[in-house]
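Peer 1: Supplied structure: structure22.tsv, TSV, C-alpha atoms.
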chain	number	residue	atom	x	y	z
G	25	MET	CA	0.00	0.00	0.00
G	26	ARG	CA	1.16	3.52	-0.78
G	27	LEU	CA	0.71	6.02	2.03
G	28	LEU	CA	1.22	9.77	2.22
G	29	LEU	CA	2.59	10.95	5.57
G	30	VAL	CA	2.36	14.72	6.13
G	31	GLU	CA	4.30	15.74	9.24
G	32	ASP	CA	6.55	18.77	9.76
G	33	GLN	CA	8.44	17.46	12.79
G	34	GLN	CA	11.39	15.98	10.92
G	35	GLU	CA	12.61	13.54	13.57
G	36	LEU	CA	9.13	12.12	14.20
G	37	ALA	CA	8.36	11.99	10.47
G	38	GLU	CA	11.52	10.09	9.58
G	39	TRP	CA	11.02	7.64	12.46
G	40	LEU	CA	7.44	6.97	11.41
G	41	ALA	CA	8.38	6.58	7.75
G	42	ARG	CA	11.06	4.02	8.63
G	43	ALA	CA	8.66	2.05	10.83
G	44	LEU	CA	5.90	1.98	8.22
G	45	ARG	CA	8.31	1.01	5.43
G	46	GLN	CA	9.48	-1.91	7.56
G	47	GLY	CA	5.83	-2.93	7.68
G	48	GLY	CA	5.82	-3.19	3.88
G	49	HIS	CA	4.24	0.14	2.93
G	50	ALA	CA	5.52	2.60	0.36
G	51	ILE	CA	5.69	5.97	2.13
G	52	ASP	CA	5.81	9.43	0.61
G	53	LEU	CA	6.85	11.96	3.24
G	54	MET	CA	6.02	15.66	3.09
G	55	ALA	CA	6.41	18.48	5.60
G	56	ARG	CA	4.18	21.19	4.06
G	57	GLY	CA	0.44	21.26	3.60
G	58	ASP	CA	0.59	22.93	0.17
G	59	HIS	CA	3.00	20.26	-1.07
G	60	ALA	CA	0.68	17.55	0.23
G	61	ASP	CA	-2.31	19.16	-1.48
G	62	HIS	CA	-0.47	19.11	-4.81
G	63	ALA	CA	0.64	15.49	-4.33
G	64	LEU	CA	-2.93	14.41	-3.60
G	65	LEU	CA	-3.98	16.02	-6.88
G	66	THR	CA	-1.40	14.15	-8.93
G	67	GLN	CA	-0.55	10.87	-7.17
G	68	PRO	CA	-2.65	7.84	-6.11
G	69	TYR	CA	-2.58	6.94	-2.42
G	70	ASP	CA	-4.29	4.29	-0.32
G	71	LEU	CA	-4.17	6.31	2.91
G	72	LEU	CA	-3.32	9.82	4.13
G	73	ILE	CA	-1.75	10.35	7.56
G	74	LEU	CA	-2.14	14.06	8.24
G	75	ASP	CA	-0.80	16.43	10.88
G	76	LEU	CA	-2.85	19.59	11.43
G	77	SER	CA	-0.26	22.25	12.30
G	78	LEU	CA	1.58	22.51	9.00
G	79	PRO	CA	3.39	25.28	7.14
G	80	GLY	CA	2.09	26.34	3.75
G	81	LEU	CA	-1.44	25.07	4.31
G	82	ASP	CA	-3.14	23.96	7.51
G	83	GLY	CA	-3.97	20.26	7.73
G	84	LEU	CA	-7.71	20.92	8.05
G	85	GLU	CA	-7.60	22.94	4.83
G	86	VAL	CA	-5.75	20.08	3.10
G	87	LEU	CA	-8.53	17.77	4.27
G	88	ARG	CA	-11.29	20.18	3.23
G	89	ARG	CA	-9.86	20.51	-0.28
G	90	LEU	CA	-9.39	16.74	-0.58
G	91	ARG	CA	-13.02	16.00	0.25
G	92	ALA	CA	-14.27	18.90	-1.89
G	93	ARG	CA	-12.65	17.15	-4.88
G	94	GLY	CA	-14.69	14.06	-4.09
G	95	SER	CA	-11.75	11.92	-2.96
G	96	ALA	CA	-12.68	9.01	-0.69
G	97	ILE	CA	-9.10	8.17	0.37
G	98	PRO	CA	-9.05	7.18	4.08
G	99	VAL	CA	-7.59	9.96	6.26
G	100	LEU	CA	-6.01	9.50	9.67
G	101	ILE	CA	-5.34	12.74	11.52
G	102	LEU	CA	-2.22	12.51	13.67
G	103	THR	CA	-1.70	15.63	15.76
G	104	ALA	CA	-0.95	17.19	19.12
G	105	ARG	CA	-4.15	19.26	18.79
G	106	GLY	CA	-6.37	16.92	20.75
G	107	SER	CA	-9.16	19.24	21.93
G	108	THR	CA	-12.76	18.18	21.38
G	109	ASP	CA	-13.29	21.12	18.99
G	110	ASP	CA	-10.32	20.11	16.83
G	111	ARG	CA	-11.44	16.49	16.81
G	112	VAL	CA	-15.01	17.39	15.85
G	113	ARG	CA	-13.84	19.77	13.11
G	114	GLY	CA	-11.57	17.12	11.64
G	115	LEU	CA	-14.23	14.43	11.66
G	116	ASN	CA	-16.86	16.79	10.26
G	117	LEU	CA	-14.51	17.68	7.39
G	118	GLY	CA	-14.24	14.01	6.47
G	119	ALA	CA	-11.42	12.46	8.52
G	120	ASP	CA	-11.88	8.74	9.13
G	121	ASP	CA	-9.88	8.52	12.36
G	122	TYR	CA	-8.05	10.76	14.82
G	123	LEU	CA	-4.99	9.92	16.93
G	124	THR	CA	-3.35	12.41	19.28
G	125	LYS	CA	0.34	12.68	20.10
G	126	PRO	CA	2.06	11.10	21.92
G	127	PHE	CA	0.94	7.70	20.68
G	128	GLU	CA	2.08	4.09	20.59
G	129	LEU	CA	3.32	2.78	17.23
G	130	ALA	CA	1.32	-0.44	17.69
G	131	GLU	CA	-1.91	1.55	17.99
G	132	LEU	CA	-1.10	3.60	14.90
G	133	GLU	CA	-0.37	0.45	12.91
G	134	ALA	CA	-3.64	-1.13	14.08
G	135	ARG	CA	-5.62	1.94	13.03
G	136	ILE	CA	-3.87	2.00	9.65
G	137	LYS	CA	-4.76	-1.65	9.05
G	138	ALA	CA	-8.39	-1.00	9.98
G	139	LEU	CA	-8.66	1.98	7.64
G	140	LEU	CA	-7.01	0.12	4.76
G	141	ARG	CA	-9.43	-2.79	5.19
G	142	ARG	CA	-12.36	-0.42	5.29
G	143	GLY	CA	-11.10	1.56	2.29
G	144	GLY	CA	-10.51	-1.56	0.23
G	145	GLY	CA	-13.94	-2.96	1.01
G	146	ARG	CA	-12.54	-6.50	0.90
G	147	ALA	CA	-12.73	-9.42	3.27
G	148	PRO	CA	-9.74	-9.60	5.64
G	149	VAL	CA	-8.71	-13.01	4.24
G	150	GLN	CA	-8.86	-13.74	0.52
G	151	ARG	CA	-8.11	-17.04	-1.15
G	152	VAL	CA	-6.55	-17.50	-4.57
G	153	GLY	CA	-6.04	-21.14	-5.40
G	154	ARG	CA	-4.61	-22.65	-2.19
G	155	LEU	CA	-3.12	-19.33	-1.16
G	156	ASP	CA	-4.61	-17.28	1.70
G	157	ILE	CA	-3.82	-13.56	1.89
G	158	ASP	CA	-4.74	-11.93	5.22
G	159	SER	CA	-4.99	-8.16	4.71
G	160	SER	CA	-5.30	-7.61	8.46
G	161	SER	CA	-2.12	-9.36	9.61
G	162	ARG	CA	-0.48	-9.00	6.15
G	163	LEU	CA	0.45	-12.68	6.25
G	164	VAL	CA	0.35	-15.06	3.30
G	165	SER	CA	-0.01	-18.81	3.72
G	166	LEU	CA	-0.13	-21.86	1.47
G	167	ASP	CA	-2.13	-24.78	2.84
G	168	GLY	CA	-1.80	-23.15	6.25
G	169	LYS	CA	1.99	-22.77	6.07
G	170	PRO	CA	3.54	-19.26	5.95
G	171	VAL	CA	4.98	-18.02	2.65
G	172	ALA	CA	8.05	-15.84	3.18
G	173	LEU	CA	7.68	-12.67	1.11
G	174	THR	CA	9.69	-9.47	1.21
G	175	PRO	CA	7.69	-6.26	1.88
G	176	ARG	CA	7.76	-5.28	-1.80
G	177	GLU	CA	6.81	-8.77	-3.00
G	178	LEU	CA	3.89	-8.60	-0.58
G	179	ALA	CA	2.93	-5.16	-1.89
G	180	VAL	CA	2.89	-6.50	-5.47
G	181	LEU	CA	0.72	-9.44	-4.41
G	182	GLU	CA	-1.71	-7.20	-2.50
G	183	ALA	CA	-2.10	-4.91	-5.51
G	184	LEU	CA	-2.80	-7.89	-7.79
G	185	VAL	CA	-5.25	-9.43	-5.30
G	186	ALA	CA	-7.14	-6.12	-5.07
G	187	ARG	CA	-7.85	-6.42	-8.82
G	188	GLN	CA	-7.97	-10.19	-9.13
G	189	GLY	CA	-9.12	-11.22	-12.58
G	190	LYS	CA	-8.29	-7.80	-14.06
G	191	PRO	CA	-4.99	-6.64	-15.57
G	192	VAL	CA	-2.82	-4.33	-13.47
G	193	SER	CA	-0.37	-2.15	-15.36
G	194	ARG	CA	3.33	-2.10	-14.52
G	195	GLU	CA	3.06	1.62	-13.81
G	196	LEU	CA	0.25	1.13	-11.28
G	197	LEU	CA	2.20	-1.61	-9.52
G	198	PHE	CA	5.20	0.69	-9.39
G	199	GLU	CA	3.11	3.42	-7.76
G	200	LYS	CA	1.81	0.97	-5.16
G	201	VAL	CA	5.21	-0.50	-4.32
G	202	PHE	CA	7.75	2.33	-4.49
G	203	ASP	CA	7.96	5.66	-2.68
G	204	PHE	CA	7.55	8.80	-4.78
G	205	ASP	CA	11.26	9.61	-4.55
G	206	ALA	CA	12.52	6.04	-4.80
G	207	ASP	CA	15.62	5.53	-6.94
G	208	ALA	CA	13.96	2.98	-9.21
G	209	ARG	CA	12.17	2.72	-12.54
G	210	PRO	CA	8.91	0.94	-13.44
G	211	GLU	CA	10.96	-1.83	-15.07
G	212	ALA	CA	12.03	-2.89	-11.56
G	213	ILE	CA	8.54	-4.34	-11.05
G	214	GLU	CA	9.41	-7.14	-13.49
G	215	SER	CA	12.01	-8.58	-11.10
G	216	TYR	CA	9.58	-8.53	-8.17
G	217	VAL	CA	6.88	-10.23	-10.23
G	218	SER	CA	9.41	-12.86	-11.33
G	219	ARG	CA	10.45	-13.59	-7.73
G	220	LEU	CA	6.83	-13.69	-6.63
G	221	ARG	CA	5.94	-16.18	-9.37
G	222	LYS	CA	8.67	-18.56	-8.15
G	223	LYS	CA	7.47	-18.37	-4.56
G	224	LEU	CA	3.86	-19.04	-5.60
G	225	GLU	CA	4.62	-22.06	-7.79
G	226	GLY	CA	2.19	-24.88	-7.08
G	227	SER	CA	-0.16	-22.64	-5.07
G	228	GLY	CA	-2.83	-22.32	-7.75
G	229	ALA	CA	-2.27	-18.54	-7.80
G	230	VAL	CA	-0.97	-17.67	-11.27
G	231	ILE	CA	0.47	-14.33	-12.42
G	232	THR	CA	0.17	-13.93	-16.18
G	233	THR	CA	1.91	-11.24	-18.22
G	234	LEU	CA	-0.42	-9.55	-20.70
G	235	ARG	CA	1.61	-7.72	-23.31
G	236	GLY	CA	0.75	-4.01	-23.31
G	237	LEU	CA	-1.66	-4.39	-20.38
G	238	GLY	CA	0.40	-5.53	-17.41
G	239	TYR	CA	-0.11	-8.48	-15.08
G	240	LEU	CA	-3.13	-10.62	-14.22
G	241	LEU	CA	-3.64	-12.70	-11.08
G	242	SER	CA	-5.92	-15.68	-11.48
G	243	GLU	CA	-6.47	-19.23	-10.29
G	244	GLY	CA	-4.77	-21.99	-12.24
G	245	GLU	CA	-2.99	-25.29	-11.81
Can I see the file as structure tokens?
Peer 2:
Amino acid sequence: MRLLLVEDQQELAEWLARALRQGGHAIDLMARGDHADHALLTQPYDLLILDLSLPGLDGLEVLRRLRARGSAIPVLILTARGSTDDRVRGLNLGADDYLTKPFELAELEARIKALLRRGGGRAPVQRVGRLDIDSSSRLVSLDGKPVALTPRELAVLEALVARQGKPVSRELLFEKVFDFDADARPEAIESYVSRLRKKLEGSGAVITTLRGLGYLLSEGE
């Protein structure tokens, strides 16, 4: 999943970004509200984690503009402004959840998982062939036995599962897997798909390359 983290406290932002990347997410990190507003206009994200006290554009204004454009991206407000008025304003403007600082990383991760499940509208556990993909725990198993996947291999699989039976372009996979400023090109997705295919051999989950269209996940032998 690709997340946008908007936080102007550099030390906190970098710590959070590292922790979330270790959890397998692609994280774009921004410190200004106006920069975040532009990114939300031009880039696809699965979740927005938004501070309120931001330079350039206040977080509530970023949220107001986002919802005014009709975007349904889940939004988690993460801020030191924990008064009832701030909370009510944020929720009324369309925030999905609100967490005040200081916070525990485990709670933040649990809230992120809940919002991603809700945003995806999918069952927590999906089966493809004999493969089970648990979107809650982010664990993959074959006949009940864990399948060891790297965070980016897992991100590729999750993106394909989300559109099972439909082609997913290489460019879309790239956007889901890599950070905005990652030193990589869309062609890098081919190596991750290749590794994933090898690990899924015999599972009944088949990744097919469709020339000019991308990749298709389906059930097979």
Peer 1: Under the rule that all atoms listed in the file are counted, which of G:Arg89, G:Arg141, G:Lys125, G:Arg135 is the nearest residue to Gly106 in chain G?
Peer 2: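 Smallest distance to Gly106 in chain G is found for G:Lys125.
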Peer 1: So how many Å separate CA of Ala130 in chain G and CA of Arg151 in chain G, to one decimal?
Peer 2: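 Answer for the CA of Ala130 in chain G to CA of Arg151 in chain G separation: 26.8 Å.
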Peer 1: For CA of Asp58 in chain G and CA of Leu36 in chain G, determine how far apart the two atoms are, in Å to one decimal place.
Peer 2: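 Going from CA of Asp58 in chain G over to CA of Leu36 in chain G covers 19.7 Å.
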Peer 1: Which residues are close to Arg56 in chain G, i.e. within 12 Å by only C-alpha atoms, leaving aside same-chain residues fewer than 6 positions away? Reply as a PDB file with C-alpha atoms, keeping the file's coordinate frame.
Peer 2:
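Resulting contents of around.pdb:
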ATOM      1  CA  LEU G  28       1.220   9.770   2.220  1.00  0.00           C
ATOM      2  CA  LEU G  29       2.590  10.950   5.570  1.00  0.00           C
ATOM      3  CA  VAL G  30       2.360  14.720   6.130  1.00  0.00           C
ATOM      4  CA  GLU G  31       4.300  15.740   9.240  1.00  0.00           C
ATOM      5  CA  ASP G  32       6.550  18.770   9.760  1.00  0.00           C
ATOM      6  CA  GLN G  33       8.440  17.460  12.790  1.00  0.00           C
ATOM      7  CA  GLN G  34      11.390  15.980  10.920  1.00  0.00           C
ATOM      8  CA  ALA G  37       8.360  11.990  10.470  1.00  0.00           C
ATOM      9  CA  HIS G  62      -0.470  19.110  -4.810  1.00  0.00           C
ATOM     10  CA  ALA G  63       0.640  15.490  -4.330  1.00  0.00           C
ATOM     11  CA  LEU G  74      -2.140  14.060   8.240  1.00  0.00           C
ATOM     12  CA  ASP G  75      -0.800  16.430  10.880  1.00  0.00           C
ATOM     13  CA  LEU G  76      -2.850  19.590  11.430  1.00  0.00           C
ATOM     14  CA  SER G  77      -0.260  22.250  12.300  1.00  0.00           C
ATOM     15  CA  LEU G  78       1.580  22.510   9.000  1.00  0.00           C
ATOM     16  CA  PRO G  79       3.390  25.280   7.140  1.00  0.00           C
ATOM     17  CA  GLY G  80       2.090  26.340   3.750  1.00  0.00           C
ATOM     18  CA  LEU G  81      -1.440  25.070   4.310  1.00  0.00           C
ATOM     19  CA  ASP G  82      -3.140  23.960   7.510  1.00  0.00           C
ATOM     20  CA  GLY G  83      -3.970  20.260   7.730  1.00  0.00           C
ATOM     21  CA  GLU G  85      -7.600  22.940   4.830  1.00  0.00           C
ATOM     22  CA  VAL G  86      -5.750  20.080   3.100  1.00  0.00           C
TER      23      VAL G  86
END
Peer 1: What's the separation between CA of Leu197 in chain G and CA of Gln150 in chain G, in Å to one decimal place?
Peer 2: 19.2 Å
Peer 1: For each of G:Leu84, G:Met54, G:Leu72, G:Leu102, take the minimum atom-to-atom distance to Glu128 in chain G, counting only C-alpha atoms, then give the residue where this is smallest.
Peer 2: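 Of G:Leu84, G:Met54, G:Leu72, G:Leu102, the one nearest Glu128 in chain G is G:Leu102, counting only C-alpha atoms.
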Peer 1: Please provide the set of residues having any atom within 12 Å of Leu65 in chain G, restricted to only C-alpha atoms, with same-chain residues fewer than 6 positions apart removed, written as a PyMOL selection string.
Peer 2: chain G and resi 58-59+86+89-95+97
Peer 1: Give the answer as one residue: which of G:Lys222, G:Arg105, G:Leu166, G:Leu140 has the shortest atom-to-atom distance to Pro126 in chain G, using all atoms listed in the file?
Peer 2: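 Selected residue with least distance to Pro126 in chain G: G:Arg105.
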Peer 1: Name all residues at most 12 Å from Gly47 in chain G (count all atoms listed in the file; drop same-chain ones fewer than 5 positions away) and give them as a ChimeraX atom specification.
Peer 2: /G:25-27,40-42,129-130,132-134,136-137,161-163,173-176,178-179
Peer 1: Only C-alpha atoms, please: the residues just picked out, written as an mmCIF file, in the coordinates of the input.
Peer 2:
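So the final result, stored in again35.cif, reads:
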data_model
loop_
_atom_site.group_PDB
_atom_site.id
_atom_site.type_symbol
_atom_site.label_atom_id
_atom_site.label_comp_id
_atom_site.auth_asym_id
_atom_site.auth_seq_id
_atom_site.Cartn_x
_atom_site.Cartn_y
_atom_site.Cartn_z
ATOM 1 C CA MET G 25 0.000 0.000 0.000
ATOM 2 C CA ARG G 26 1.160 3.520 -0.780
ATOM 3 C CA LEU G 27 0.710 6.020 2.030
ATOM 4 C CA LEU G 40 7.440 6.970 11.410
ATOM 5 C CA ALA G 41 8.380 6.580 7.750
ATOM 6 C CA ARG G 42 11.060 4.020 8.630
ATOM 7 C CA LEU G 129 3.320 2.780 17.230
ATOM 8 C CA ALA G 130 1.320 -0.440 17.690
ATOM 9 C CA LEU G 132 -1.100 3.600 14.900
ATOM 10 C CA GLU G 133 -0.370 0.450 12.910
ATOM 11 C CA ALA G 134 -3.640 -1.130 14.080
ATOM 12 C CA ILE G 136 -3.870 2.000 9.650
ATOM 13 C CA LYS G 137 -4.760 -1.650 9.050
ATOM 14 C CA SER G 161 -2.120 -9.360 9.610
ATOM 15 C CA ARG G 162 -0.480 -9.000 6.150
ATOM 16 C CA LEU G 163 0.450 -12.680 6.250
ATOM 17 C CA LEU G 173 7.680 -12.670 1.110
ATOM 18 C CA THR G 174 9.690 -9.470 1.210
ATOM 19 C CA PRO G 175 7.690 -6.260 1.880
ATOM 20 C CA ARG G 176 7.760 -5.280 -1.800
ATOM 21 C CA LEU G 178 3.890 -8.600 -0.580
ATOM 22 C CA ALA G 179 2.930 -5.160 -1.890
#
Peer 1: List the spatial neighbours of range 210-221 of chain G as a ChimeraX atom specification - criterion: any atom at most 7 Å away, only C-alpha atoms, same-chain residues fewer than 2 positions off excluded.
Peer 2: /G:177,194-195,198,208,223-225,231
Peer 1: Let me make sure I understand: among G:Asp158, G:Glu243, G:Glu182, G:Glu199, which one has the smallest atom-to-atom distance to Ser227 in chain G if we use all atoms listed in the file?
Peer 2: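 When distances to Ser227 in chain G are compared using all atoms listed in the file, the smallest one comes from G:Glu243.
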Peer 1: Which one of G:Val112, G:Leu87, G:Val230, G:Leu53 sits closest to Val152 in chain G if you count all atoms listed in the file?
Peer 2: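 With all atoms listed in the file as the atom set, the closest residue is G:Val230.
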Peer 1: Find the residues around Asp120 in chain G up to 8 Å (all atoms listed in the file counted), leave out those fewer than 4 positions away in its own chain, and share them as a PDB file with C-alpha atoms, in the coordinates of the input.
Peer 2:
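Listed below is the output, out_31.pdb:
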ATOM      1  CA  PRO G  98      -9.050   7.180   4.080  1.00  0.00           C
ATOM      2  CA  VAL G  99      -7.590   9.960   6.260  1.00  0.00           C
ATOM      3  CA  LEU G 100      -6.010   9.500   9.670  1.00  0.00           C
ATOM      4  CA  LEU G 115     -14.230  14.430  11.660  1.00  0.00           C
ATOM      5  CA  LEU G 139      -8.660   1.980   7.640  1.00  0.00           C
TER       6      LEU G 139
END
Peer 1: If I wrap all listed atoms of range 56-69 of chain G in a box with edges along x, y and z and add 5 Å on each side, what are its centre and edge lengths in Å to one decimal, as lines of an AutoDock Vina configuration file?
Peer 2:
center_x = 0.1
center_y = 14.9
center_z = -2.4
size_x = 18.2
size_y = 26.0
size_z = 23.0
Peer 1: Which is closest to Leu181 in chain G among G:Leu240, G:Ala50, G:Ala138, G:Ala96, if we use all atoms listed in the file?
Peer 2: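 Counting all atoms listed in the file, the residue closest to Leu181 in chain G is G:Leu240.
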